[in-house]
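Raw contents of protein_3.txt, compact mmCIF, C-alpha atoms:
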# COMPACT_ATOMS: atom_id res chain seq x y z
CA MET H 22 23.18 23.62 -141.37
CA GLN H 23 19.92 21.86 -140.48
CA ASP H 24 21.74 18.51 -140.40
CA ILE H 25 24.36 19.96 -138.04
CA LEU H 26 21.76 21.50 -135.75
CA THR H 27 19.74 18.28 -135.71
CA GLU H 28 22.82 16.34 -134.64
CA ILE H 29 23.61 18.87 -131.89
CA GLY H 30 20.05 18.54 -130.58
CA ARG H 31 20.36 14.75 -130.64
CA GLN H 32 23.52 14.91 -128.50
CA PHE H 33 21.64 17.01 -125.95
CA CYS H 34 18.66 14.60 -126.05
CA LEU H 35 16.20 17.41 -126.77
CA PRO H 36 12.60 16.10 -126.81
CA GLY H 37 10.46 16.21 -129.92
CA THR H 38 11.44 16.57 -133.57
CA PHE H 39 13.41 19.33 -135.29
CA SER H 40 11.03 21.82 -136.92
CA SER H 41 12.86 24.96 -138.12
CA TYR H 42 15.69 27.36 -137.44
CA ASP H 43 16.63 31.02 -137.98
CA THR H 44 20.03 32.67 -137.85
CA VAL H 45 20.37 35.26 -135.06
CA LYS H 46 22.47 38.18 -136.27
CA ASN H 47 23.00 39.96 -132.94
CA GLY H 48 26.64 39.66 -131.89
CA ASN H 49 29.68 39.22 -134.08
CA ILE H 50 31.77 36.60 -132.28
CA ASN H 51 29.75 33.40 -131.91
CA GLN H 52 27.34 31.84 -134.45
CA THR H 53 23.82 31.80 -133.02
CA TYR H 54 20.64 30.08 -134.17
CA LYS H 55 17.05 30.11 -132.92
CA VAL H 56 15.84 26.51 -133.25
CA THR H 57 12.28 25.24 -132.84
CA TYR H 58 11.27 21.67 -131.98
CA ARG H 59 7.80 20.19 -132.30
CA THR H 60 6.63 18.16 -129.30
CA ASP H 61 3.39 16.45 -128.25
CA SER H 62 2.48 19.51 -126.17
CA GLY H 63 3.33 22.11 -128.82
CA GLU H 64 6.50 23.89 -129.89
CA LYS H 65 9.65 24.46 -127.85
CA THR H 66 12.34 26.97 -128.87
CA TYR H 67 16.03 26.93 -128.04
CA ILE H 68 19.15 28.96 -128.75
CA PHE H 69 21.96 26.95 -130.33
CA GLN H 70 25.36 28.63 -130.30
CA LYS H 71 28.66 27.70 -131.88
CA VAL H 72 31.41 29.27 -129.79
CA ASN H 73 34.25 31.05 -131.58
CA THR H 74 37.23 29.13 -130.25
CA HIS H 75 39.67 31.47 -131.97
CA VAL H 76 38.51 34.20 -129.58
CA PHE H 77 37.73 31.94 -126.62
CA ARG H 78 40.61 29.50 -126.48
CA ASN H 79 39.36 27.58 -123.42
CA PRO H 80 35.61 27.12 -124.04
CA GLU H 81 35.30 24.28 -121.53
CA GLU H 82 36.41 26.66 -118.77
CA ILE H 83 33.91 29.24 -119.97
CA MET H 84 31.10 26.71 -119.74
CA GLU H 85 32.24 25.68 -116.26
CA ASN H 86 31.98 29.33 -115.22
CA ILE H 87 28.57 29.73 -116.83
CA GLY H 88 27.25 26.52 -115.28
CA ARG H 89 28.33 27.53 -111.78
CA VAL H 90 27.08 31.11 -112.03
CA THR H 91 23.66 30.29 -113.53
CA ALA H 92 23.11 27.46 -111.03
CA HIS H 93 23.87 29.84 -108.16
CA ILE H 94 21.41 32.45 -109.45
CA ARG H 95 18.75 29.80 -110.04
CA ARG H 96 19.11 28.50 -106.45
CA LYS H 97 19.09 32.00 -104.99
CA CYS H 98 16.27 33.44 -107.11
CA PRO H 99 14.11 30.50 -108.24
CA GLU H 100 11.23 32.80 -109.12
CA ARG H 101 13.23 34.80 -111.67
CA PRO H 102 13.92 33.85 -115.31
CA THR H 103 17.45 32.46 -115.54
CA LEU H 104 19.57 31.29 -118.44
CA PHE H 105 19.37 27.50 -118.59
CA PHE H 106 22.03 25.60 -120.53
CA HIS H 107 21.23 22.01 -121.38
CA ARG H 108 23.51 19.14 -120.48
CA THR H 109 24.29 15.88 -122.18
CA PHE H 110 23.34 12.66 -120.43
CA LEU H 111 26.38 10.47 -120.20
CA SER H 112 25.93 6.97 -118.84
CA GLY H 113 27.32 6.76 -115.33
CA SER H 114 28.01 10.48 -115.03
CA PRO H 115 27.05 11.70 -111.53
CA ASP H 116 26.33 15.27 -112.70
CA GLY H 117 24.34 14.49 -115.82
CA GLY H 118 27.09 15.05 -118.34
CA VAL H 119 28.42 18.36 -119.61
CA ASN H 120 26.87 21.56 -120.95
CA PHE H 121 28.57 21.47 -124.35
CA VAL H 122 29.11 19.14 -127.30
CA HIS H 123 31.33 18.99 -130.39
CA ASP H 124 30.18 18.61 -133.98
CA ALA H 125 31.85 16.31 -136.52
CA ASP H 126 34.41 18.98 -137.39
CA GLY H 127 35.33 19.71 -133.78
CA GLY H 128 33.11 22.79 -133.47
CA PHE H 129 32.13 23.67 -129.90
CA TRP H 130 28.37 24.02 -129.29
CA ARG H 131 26.01 24.85 -126.45
CA VAL H 132 22.20 24.97 -126.18
CA MET H 133 20.05 27.09 -123.90
CA ASP H 134 16.32 27.63 -123.48
CA TYR H 135 14.95 30.55 -125.47
CA LEU H 136 13.45 33.46 -123.52
CA ASP H 137 10.91 35.46 -125.52
CA SER H 138 12.26 38.98 -125.21
CA VAL H 139 13.56 42.11 -126.89
CA VAL H 140 17.05 43.69 -126.78
CA PHE H 141 18.28 47.23 -127.44
CA ASP H 142 21.53 48.04 -129.19
CA SER H 143 21.11 51.62 -128.01
CA CYS H 144 18.39 53.51 -126.21
CA ASP H 145 17.31 57.05 -125.31
CA ASP H 146 14.50 56.09 -122.93
CA PRO H 147 15.65 56.76 -119.33
CA SER H 148 13.33 54.09 -117.96
CA VAL H 149 14.92 51.42 -120.18
CA ILE H 150 18.43 52.64 -119.35
CA ARG H 151 17.54 52.52 -115.65
CA ALA H 152 16.20 48.99 -116.13
CA ALA H 153 19.45 47.95 -117.84
CA GLY H 154 21.35 49.30 -114.86
CA LYS H 155 19.05 47.40 -112.52
CA ALA H 156 19.65 44.18 -114.50
CA PHE H 157 23.45 44.41 -114.32
CA GLY H 158 23.34 45.55 -110.69
CA GLU H 159 21.01 42.70 -109.78
CA PHE H 160 23.30 40.24 -111.57
CA GLN H 161 26.20 41.41 -109.41
CA ARG H 162 24.11 41.42 -106.23
CA GLN H 163 22.85 37.89 -106.90
CA LEU H 164 26.48 36.75 -107.07
CA SER H 165 27.75 38.83 -104.14
CA ASP H 166 27.94 35.69 -101.96
CA PHE H 167 29.42 33.49 -104.72
CA ASP H 168 33.01 32.33 -104.22
CA GLY H 169 34.79 33.99 -107.13
CA SER H 170 37.84 31.77 -106.67
CA LEU H 171 35.78 28.96 -108.26
CA LEU H 172 35.79 30.81 -111.60
CA HIS H 173 38.40 30.55 -114.31
CA GLU H 174 39.99 33.76 -115.59
CA THR H 175 38.87 33.18 -119.16
CA ILE H 176 40.76 36.17 -120.60
CA PRO H 177 43.82 36.93 -118.43
CA ASP H 178 44.39 40.66 -117.75
CA PHE H 179 41.24 41.56 -119.67
CA HIS H 180 40.71 44.70 -117.58
CA ASN H 181 44.29 45.26 -116.45
CA THR H 182 44.52 48.89 -117.56
CA ARG H 183 48.19 49.19 -116.66
CA ARG H 184 49.02 46.15 -118.79
CA ARG H 185 46.95 47.50 -121.70
CA LEU H 186 48.73 50.87 -121.63
CA ASP H 187 52.18 49.34 -121.21
CA THR H 188 51.48 47.09 -124.19
CA LEU H 189 50.43 50.12 -126.23
CA PHE H 190 53.68 51.96 -125.48
CA ALA H 191 55.75 48.84 -126.21
CA ASP H 192 54.02 48.30 -129.54
CA ALA H 193 54.52 51.97 -130.40
CA ARG H 194 58.26 51.45 -129.95
CA ARG H 195 58.20 48.29 -132.08
CA ASP H 196 56.19 50.06 -134.81
CA ILE H 197 55.63 46.92 -136.87
CA ALA H 198 53.04 48.63 -139.11
CA GLY H 199 55.02 51.85 -139.54
CA ARG H 200 52.26 53.99 -138.01
CA THR H 201 53.76 55.30 -134.77
CA SER H 202 54.89 58.61 -136.26
CA ASP H 203 51.22 59.32 -137.11
CA VAL H 204 50.01 59.05 -133.51
CA LEU H 205 52.60 60.84 -131.37
CA PRO H 206 50.04 63.38 -130.02
CA GLU H 207 47.70 60.52 -129.03
CA LEU H 208 50.52 58.70 -127.24
CA ARG H 209 51.30 61.86 -125.26
CA ARG H 210 47.66 62.06 -124.16
CA PHE H 211 47.78 58.46 -122.93
CA ARG H 212 50.92 59.23 -120.91
CA THR H 213 49.14 62.23 -119.39
CA TYR H 214 46.28 60.01 -118.17
CA TYR H 215 48.43 57.02 -117.23
CA LYS H 216 48.47 57.50 -113.44
CA GLU H 217 44.77 58.31 -113.11
CA ALA H 218 43.68 55.52 -115.47
CA THR H 219 45.76 52.81 -113.77
CA ASP H 220 44.96 53.77 -110.18
CA LEU H 221 41.94 51.46 -109.71
CA CYS H 222 43.57 48.34 -111.14
CA ASP H 223 46.70 49.00 -109.06
CA ARG H 224 44.61 49.28 -105.90
CA PHE H 225 42.70 46.15 -106.90
CA ALA H 226 45.96 44.25 -107.38
CA ALA H 227 47.06 45.45 -103.93
CA GLY H 228 43.90 44.02 -102.34
CA LYS H 229 42.20 47.35 -101.66
CA PHE H 230 38.97 46.16 -103.29
CA PRO H 231 37.38 42.71 -102.93
CA PRO H 232 37.20 40.65 -106.13
CA ARG H 233 33.64 40.48 -107.41
CA VAL H 234 31.98 38.21 -109.95
CA THR H 235 31.80 40.61 -112.88
CA HIS H 236 30.20 40.39 -116.31
CA ASN H 237 32.88 42.35 -118.20
CA ASP H 238 30.72 43.10 -121.24
CA THR H 239 27.93 45.27 -119.87
CA LYS H 240 26.45 46.52 -123.14
CA ALA H 241 22.73 47.28 -123.28
CA ASN H 242 22.14 44.50 -125.81
CA ASN H 243 23.28 41.95 -123.24
CA VAL H 244 20.06 42.45 -121.29
CA LEU H 245 16.85 40.67 -122.29
CA PHE H 246 13.70 42.74 -121.73
CA ASP H 247 10.08 41.64 -121.52
CA ARG H 248 8.42 42.59 -124.82
CA LYS H 249 5.33 44.12 -123.19
CA THR H 250 6.51 45.61 -119.91
CA LEU H 251 10.17 46.28 -120.85
CA ARG H 252 11.17 44.93 -117.47
CA PRO H 253 14.59 43.23 -117.47
CA LEU H 254 14.38 39.44 -117.63
CA ALA H 255 17.99 38.24 -117.62
CA VAL H 256 21.57 39.19 -118.38
CA ILE H 257 23.07 37.22 -121.25
CA ASP H 258 26.46 36.68 -122.94
CA LEU H 259 28.28 35.27 -119.93
CA ASP H 260 31.45 34.25 -121.76
CA THR H 261 33.51 36.89 -119.97
CA VAL H 262 32.15 36.32 -116.46
CA MET H 263 35.14 36.12 -114.11
CA PRO H 264 36.57 37.81 -111.01
CA GLY H 265 37.00 41.56 -111.37
CA MET H 266 36.00 45.04 -110.17
CA ALA H 267 32.41 46.19 -109.87
CA MET H 268 33.52 49.68 -110.94
CA TYR H 269 34.58 48.44 -114.37
CA ASP H 270 31.22 46.76 -115.02
CA PHE H 271 29.53 50.04 -114.15
CA GLY H 272 32.03 52.10 -116.13
CA ASP H 273 31.89 50.00 -119.28
CA ALA H 274 28.10 50.22 -119.30
CA VAL H 275 27.93 54.00 -119.03
CA ARG H 276 30.77 54.32 -121.56
CA PHE H 277 28.55 52.43 -124.01
CA LEU H 278 25.10 53.71 -123.04
CA ALA H 279 25.76 57.36 -122.20
CA ASN H 280 28.01 58.31 -125.13
CA THR H 281 26.26 60.96 -127.24
CA ALA H 282 27.85 59.52 -130.39
CA ALA H 283 28.67 56.19 -131.96
CA GLU H 284 31.79 54.34 -130.84
CA ASP H 285 33.45 55.19 -134.15
CA GLU H 286 32.17 58.75 -134.70
CA PRO H 287 34.78 60.62 -136.79
CA ASP H 288 33.70 64.05 -135.51
CA THR H 289 34.83 64.09 -131.88
CA GLU H 290 32.93 67.36 -131.32
CA LYS H 291 29.82 65.16 -131.21
CA VAL H 292 31.28 62.96 -128.45
CA SER H 293 30.41 63.57 -124.80
CA LEU H 294 28.90 61.85 -121.78
CA ASP H 295 25.13 62.32 -121.49
CA VAL H 296 24.61 63.13 -117.80
CA GLY H 297 20.92 62.20 -117.94
CA LYS H 298 21.68 58.72 -119.26
CA PHE H 299 24.52 58.34 -116.77
CA THR H 300 22.12 59.21 -113.95
CA ALA H 301 19.45 56.77 -115.14
CA PHE H 302 21.90 53.87 -115.36
CA ALA H 303 23.47 54.77 -112.01
CA GLU H 304 20.05 54.81 -110.34
CA GLY H 305 19.38 51.29 -111.59
CA PHE H 306 22.82 49.79 -111.01
CA ILE H 307 23.85 51.42 -107.74
CA GLY H 308 20.34 51.08 -106.37
CA GLU H 309 20.81 47.30 -106.60
CA VAL H 310 24.40 46.98 -105.35
CA LYS H 311 24.76 49.74 -102.74
CA ASP H 312 24.11 47.35 -99.84
CA SER H 313 26.49 44.67 -101.12
CA LEU H 314 29.49 46.82 -102.12
CA THR H 315 31.88 48.82 -99.95
CA SER H 316 31.72 52.61 -99.81
CA GLU H 317 35.13 52.71 -101.53
CA GLU H 318 33.71 50.74 -104.44
CA ILE H 319 30.71 53.06 -104.75
CA ASP H 320 33.05 56.04 -104.62
CA GLY H 321 35.15 54.54 -107.43
CA MET H 322 32.33 54.18 -109.97
CA VAL H 323 33.09 57.39 -111.87
CA GLN H 324 36.79 56.65 -111.92
CA GLY H 325 35.89 53.21 -113.27
CA ALA H 326 34.08 54.85 -116.19
CA PHE H 327 37.12 57.01 -116.94
CA SER H 328 39.62 54.16 -116.60
CA VAL H 329 37.77 51.63 -118.73
CA THR H 330 37.24 54.26 -121.46
CA VAL H 331 40.95 55.08 -121.55
CA GLU H 332 41.65 51.34 -121.60
CA LEU H 333 39.43 50.75 -124.62
CA ALA H 334 40.96 53.74 -126.41
CA ALA H 335 44.37 52.19 -125.79
CA ARG H 336 43.20 48.86 -127.20
CA PHE H 337 41.91 50.55 -130.36
CA LEU H 338 45.14 52.52 -130.85
CA ASP H 339 47.28 49.46 -130.15
CA ASP H 340 45.32 47.52 -132.76
CA TYR H 341 45.93 50.34 -135.24
CA LEU H 342 49.67 50.31 -134.49
CA THR H 343 49.94 46.55 -134.99
CA GLY H 344 48.06 46.37 -138.28
CA ASP H 345 44.46 45.88 -137.05
CA PRO H 346 44.67 42.17 -136.14
CA TYR H 347 41.89 42.11 -133.53
CA PHE H 348 39.01 44.52 -134.18
CA ARG H 349 37.17 44.30 -137.48
CA THR H 350 37.74 47.46 -139.53
CA ASP H 351 35.85 49.00 -142.46
CA TYR H 352 38.64 51.33 -143.60
CA PRO H 353 42.38 51.80 -142.82
CA GLU H 354 41.96 54.45 -140.10
CA HIS H 355 38.94 52.87 -138.43
CA ASN H 356 40.72 51.88 -135.21
CA LEU H 357 42.40 55.29 -135.02
CA VAL H 358 38.99 56.96 -135.29
CA ARG H 359 37.68 54.68 -132.53
CA ALA H 360 40.64 55.59 -130.32
CA HIS H 361 40.00 59.31 -130.87
CA CYS H 362 36.33 58.85 -129.96
CA GLN H 363 37.08 57.01 -126.72
CA LEU H 364 39.82 59.45 -125.71
CA ARG H 365 37.43 62.35 -126.19
CA LEU H 366 34.79 60.57 -124.12
CA ALA H 367 37.32 59.86 -121.35
CA GLU H 368 38.30 63.53 -121.27
CA ASP H 369 34.66 64.56 -120.98
CA ILE H 370 34.11 62.10 -118.13
CA LEU H 371 37.16 63.58 -116.39
CA SER H 372 35.88 67.13 -116.79
CA LYS H 373 32.46 66.16 -115.40
CA THR H 374 33.80 64.03 -112.54
CA PRO H 375 32.74 66.38 -109.69
CA LEU H 376 29.15 66.43 -110.96
CA LEU H 377 29.10 62.67 -111.62
CA GLN H 378 30.52 61.99 -108.16
CA GLN H 379 27.70 64.00 -106.61
CA ILE H 380 25.15 61.93 -108.52
CA VAL H 381 26.71 58.62 -107.47
CA ARG H 382 27.04 59.60 -103.82
CA LYS H 383 23.44 60.78 -103.68
CA ILE H 384 22.24 57.42 -105.02
CA GLY H 385 24.65 55.28 -103.01
When written as structure tokens, how does the structure in this file appear?
Amino acid sequence: MQDILTEIGRQFCLPGTFSSYDTVKNGNINQTYKVTYRTDSGEKTYIFQKVNTHVFRNPEEIMENIGRVTAHIRRKCPERPTLFFHRTFLSGSPDGGVNFVHDADGGFWRVMDYLDSVVFDSCDDPSVIRAAGKAFGEFQRQLSDFDGSLLHETIPDFHNTRRRLDTLFADARRDIAGRTSDVLPELRRFRTYYKEATDLCDRFAAGKFPPRVTHNDTKANNVLFDRKTLRPLAVIDLDTVMPGMAMYDFGDAVRFLANTAAEDEPDTEKVSLDVGKFTAFAEGFIGEVKDSLTSEEIDGMVQGAFSVTVELAARFLDDYLTGDPYFRTDYPEHNLVRAHCQLRLAEDILSKTPLLQQIVRKIG
């Protein structure tokens, strides 16, 4: 691996000499390495990442998106830490080359500067949750004047809830894994929530909401925090940045952060939405975006949380019905357990909607 990393660094013309590397185990899609170079002025550390091209089929488009978005943020907020992806230096290239290279086996690589920081896979501290909300809200606000039409849709229909549910029902009819008869009650629950869950994406498709530059993977561990102050430094993992709805970025974050149980908790009695955590994240996120979003978008935040939770439950159940081809599983019913957990969370969000709406409206 050192030989491969050394060659990648050479293609990016990194200064100094290769010193050491460590494997970064956060994340389960791309292969990530923390690489240190020795220079005349000391040591310089980078993040080298091999992109999983089985998941991301058009990595060049992803890097175009990332390059445009990070450059915009850097121009708009030069005083703030920003992800910086290195470029090759091709002779005669007017823009200094490209922000990716290939290894000898065709692997797709990128290199960014390392930001000394800490991340949280989960958190109970309201101040950190609020800071995570501020980070994602600030990310969206920084890009509120960015022309989203310049971005590629890297995963078509990623948050098209209607398409996700229709696919689930179609796969239930096909029953290629012979499991449909086991989940008839679950399918009835999805049909019950169909209209409410698809309302936002239908209105978005009809032009009722402006397309925003959205992150689409707003987990807490995609925010880098300062080690000492725990202030947010930067939002990372920009592979899924593309046009979308602000409400789904908000909703996916609270779905992840404010669940009282793990995403695959077998005992659904333990699953609910923690109102305190919801409030902390909403204070951070909506506090940043309330002047750049419409009142209709602010009013749709809670519905976004419900819709994206139903959508993920549908994806888990669909994966179960088709033989678990997408999500990694540890046992045969793992995706079914995940679907149960997300359905229970969606139902709790629905039952608490009047209270959650009051919280959002007070902040926004």
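Polymer residues near (28.6, 22.8, -128.5): counting all atoms listed in the file with a cut-off of 9 Å, they are Ile29, Phe69, Gln70, Lys71, Val72, Asn120, Phe121, Val122, His123, Asp124, Gly128, Phe129, Trp130, Arg131 and Val132 of chain H.
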Give me the residues within 12 Å of H:Arg195 as a PDB file with C-alpha atoms, keeping the file's coordinate frame, counting all atoms listed in the file and dropping any in the same chain fewer than 6 places off.
ATOM      1  CA  THR H 188      51.480  47.090-124.190  1.00  0.00           C
ATOM      2  CA  LEU H 189      50.430  50.120-126.230  1.00  0.00           C
ATOM      3  CA  THR H 201      53.760  55.300-134.770  1.00  0.00           C
ATOM      4  CA  SER H 202      54.890  58.610-136.260  1.00  0.00           C
ATOM      5  CA  ASP H 339      47.280  49.460-130.150  1.00  0.00           C
ATOM      6  CA  LEU H 342      49.670  50.310-134.490  1.00  0.00           C
ATOM      7  CA  THR H 343      49.940  46.550-134.990  1.00  0.00           C
TER       8      THR H 343
END
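For the pair atom CA of H:Asp258 and atom CA of H:Phe246, the separation is 14.2 Å.
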Of H:Leu314, H:Val119, H:Leu208, H:Val296, the one nearest to H:Pro375 when counting only C-alpha atoms is H:Val296
Could you state the separation of atom CA of H:Arg248 and atom CA of H:Val139 in Å, given to one decimal place? 5.6 Å
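From atom CA of H:Thr109 back to atom CA of H:Phe33, the distance works out to 4.7 Å.
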Identify the residues around (21.2, 25.7, -142.2) within a radius of 12 Å, measuring from all atoms listed in the file in the coordinates stated by the file, and give them as a tab-separated table (two decimals) with C-alpha atoms, keeping the file's coordinate frame.
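Resulting contents of result.tsv:
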chain	number	residue	atom	x	y	z
H	22	MET	CA	23.18	23.62	-141.37
H	23	GLN	CA	19.92	21.86	-140.48
H	24	ASP	CA	21.74	18.51	-140.40
H	25	ILE	CA	24.36	19.96	-138.04
H	26	LEU	CA	21.76	21.50	-135.75
H	27	THR	CA	19.74	18.28	-135.71
H	41	SER	CA	12.86	24.96	-138.12
H	42	TYR	CA	15.69	27.36	-137.44
H	43	ASP	CA	16.63	31.02	-137.98
H	44	THR	CA	20.03	32.67	-137.85
H	45	VAL	CA	20.37	35.26	-135.06
H	52	GLN	CA	27.34	31.84	-134.45
H	53	THR	CA	23.82	31.80	-133.02
H	54	TYR	CA	20.64	30.08	-134.17
H	55	LYS	CA	17.05	30.11	-132.92
H	56	VAL	CA	15.84	26.51	-133.25
H	69	PHE	CA	21.96	26.95	-130.33
As AutoDock Vina command-line options, what would the box around stretch 168-182 of chain H look like: edges along x, y and z, 8 Å added on every side, centre and edge lengths in Å to one decimal?
--center_x 38.8 --center_y 38.9 --center_z -112.4 --size_x 27.5 --size_y 35.9 --size_z 32.4
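Closest to H:Gly308 among H:Ala274, H:Val331, H:Val323, H:Ile384 is H:Ile384, based on all atoms listed in the file.
Nearest to H:Ser170 of all the residues H:Pro253, H:Pro264, H:Pro353, H:Gly154 is H:Pro264, counting all atoms listed in the file.
Using all atoms listed in the file, the shortest contact distance between H:Ile380 and any of H:Thr239, H:Thr300, H:Thr213, H:Thr57 is found at H:Thr300.
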Applying 10 Å and only C-alpha atoms, which residues near H:Ala360 remain after dropping the ones on its own chain fewer than 4 positions away? List them as number ranges by chain. H: 207, 284-285, 330-341, 354-356, 364-366
Write out the residues from the selection above, keeping C-alpha atoms, as a PDB file, in the coordinates of the input.
ATOM      1  CA  GLU H 207      47.700  60.520-129.030  1.00  0.00           C
ATOM      2  CA  GLU H 284      31.790  54.340-130.840  1.00  0.00           C
ATOM      3  CA  ASP H 285      33.450  55.190-134.150  1.00  0.00           C
ATOM      4  CA  THR H 330      37.240  54.260-121.460  1.00  0.00           C
ATOM      5  CA  VAL H 331      40.950  55.080-121.550  1.00  0.00           C
ATOM      6  CA  GLU H 332      41.650  51.340-121.600  1.00  0.00           C
ATOM      7  CA  LEU H 333      39.430  50.750-124.620  1.00  0.00           C
ATOM      8  CA  ALA H 334      40.960  53.740-126.410  1.00  0.00           C
ATOM      9  CA  ALA H 335      44.370  52.190-125.790  1.00  0.00           C
ATOM     10  CA  ARG H 336      43.200  48.860-127.200  1.00  0.00           C
ATOM     11  CA  PHE H 337      41.910  50.550-130.360  1.00  0.00           C
ATOM     12  CA  LEU H 338      45.140  52.520-130.850  1.00  0.00           C
ATOM     13  CA  ASP H 339      47.280  49.460-130.150  1.00  0.00           C
ATOM     14  CA  ASP H 340      45.320  47.520-132.760  1.00  0.00           C
ATOM     15  CA  TYR H 341      45.930  50.340-135.240  1.00  0.00           C
ATOM     16  CA  GLU H 354      41.960  54.450-140.100  1.00  0.00           C
ATOM     17  CA  HIS H 355      38.940  52.870-138.430  1.00  0.00           C
ATOM     18  CA  ASN H 356      40.720  51.880-135.210  1.00  0.00           C
ATOM     19  CA  LEU H 364      39.820  59.450-125.710  1.00  0.00           C
ATOM     20  CA  ARG H 365      37.430  62.350-126.190  1.00  0.00           C
ATOM     21  CA  LEU H 366      34.790  60.570-124.120  1.00  0.00           C
TER      22      LEU H 366
END
H:Leu136 environment, 10 Å, all atoms listed in the file, sequence neighbours closer than 3 positions dropped, as a ChimeraX atom specification: /H:66-68,102-105,133,139,245-247,254-255
Using all atoms listed in the file, the shortest atom-to-atom distance to H:Asn181 among H:Phe157, H:Tyr269, H:Phe106, H:Phe211 belongs to H:Tyr269
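Nearest to H:Glu81 of all the residues H:Ser165, H:Ser143, H:Thr235, H:Thr175 is H:Thr175, counting all atoms listed in the file.
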Could stretch 307-319 of chain H be completed with N, CA, C and O atoms and returned as an mmCIF file, in the coordinates of the input?
data_model
loop_
_atom_site.group_PDB
_atom_site.id
_atom_site.type_symbol
_atom_site.label_atom_id
_atom_site.label_comp_id
_atom_site.auth_asym_id
_atom_site.auth_seq_id
_atom_site.Cartn_x
_atom_site.Cartn_y
_atom_site.Cartn_z
ATOM 1 N N ILE H 307 23.422 51.192 -109.113
ATOM 2 C CA ILE H 307 23.850 51.420 -107.740
ATOM 3 C C ILE H 307 22.709 51.160 -106.766
ATOM 4 O O ILE H 307 22.932 50.708 -105.635
ATOM 5 N N GLY H 308 21.481 51.403 -107.217
ATOM 6 C CA GLY H 308 20.340 51.080 -106.370
ATOM 7 C C GLY H 308 20.288 49.613 -105.994
ATOM 8 O O GLY H 308 19.821 49.250 -104.909
ATOM 9 N N GLU H 309 20.799 48.745 -106.869
ATOM 10 C CA GLU H 309 20.810 47.300 -106.600
ATOM 11 C C GLU H 309 22.007 46.867 -105.760
ATOM 12 O O GLU H 309 21.902 45.940 -104.965
ATOM 13 N N VAL H 310 23.171 47.501 -105.956
ATOM 14 C CA VAL H 310 24.400 46.980 -105.350
ATOM 15 C C VAL H 310 24.865 47.758 -104.117
ATOM 16 O O VAL H 310 25.812 47.341 -103.449
ATOM 17 N N LYS H 311 24.214 48.865 -103.781
ATOM 18 C CA LYS H 311 24.760 49.740 -102.740
ATOM 19 C C LYS H 311 24.857 49.065 -101.375
ATOM 20 O O LYS H 311 25.687 49.461 -100.540
ATOM 21 N N ASP H 312 24.045 48.040 -101.127
ATOM 22 C CA ASP H 312 24.110 47.350 -99.840
ATOM 23 C C ASP H 312 25.066 46.162 -99.853
ATOM 24 O O ASP H 312 25.313 45.571 -98.801
ATOM 25 N N SER H 313 25.590 45.815 -101.035
ATOM 26 C CA SER H 313 26.490 44.670 -101.120
ATOM 27 C C SER H 313 27.922 45.061 -101.473
ATOM 28 O O SER H 313 28.819 44.226 -101.440
ATOM 29 N N LEU H 314 28.151 46.340 -101.818
ATOM 30 C CA LEU H 314 29.490 46.820 -102.120
ATOM 31 C C LEU H 314 30.001 47.710 -100.991
ATOM 32 O O LEU H 314 29.225 48.209 -100.174
ATOM 33 N N THR H 315 31.298 47.935 -100.949
ATOM 34 C CA THR H 315 31.880 48.820 -99.950
ATOM 35 C C THR H 315 31.700 50.275 -100.395
ATOM 36 O O THR H 315 31.477 50.562 -101.580
ATOM 37 N N SER H 316 31.829 51.192 -99.462
ATOM 38 C CA SER H 316 31.720 52.610 -99.810
ATOM 39 C C SER H 316 32.841 53.028 -100.749
ATOM 40 O O SER H 316 32.655 53.903 -101.605
ATOM 41 N N GLU H 317 34.018 52.404 -100.624
ATOM 42 C CA GLU H 317 35.130 52.710 -101.530
ATOM 43 C C GLU H 317 34.806 52.294 -102.958
ATOM 44 O O GLU H 317 35.185 52.980 -103.918
ATOM 45 N N GLU H 318 34.103 51.174 -103.104
ATOM 46 C CA GLU H 318 33.710 50.740 -104.440
ATOM 47 C C GLU H 318 32.691 51.703 -105.045
ATOM 48 O O GLU H 318 32.802 52.077 -106.223
ATOM 49 N N ILE H 319 31.699 52.103 -104.258
ATOM 50 C CA ILE H 319 30.710 53.060 -104.750
ATOM 51 C C ILE H 319 31.412 54.355 -105.159
ATOM 52 O O ILE H 319 31.127 54.934 -106.219
#
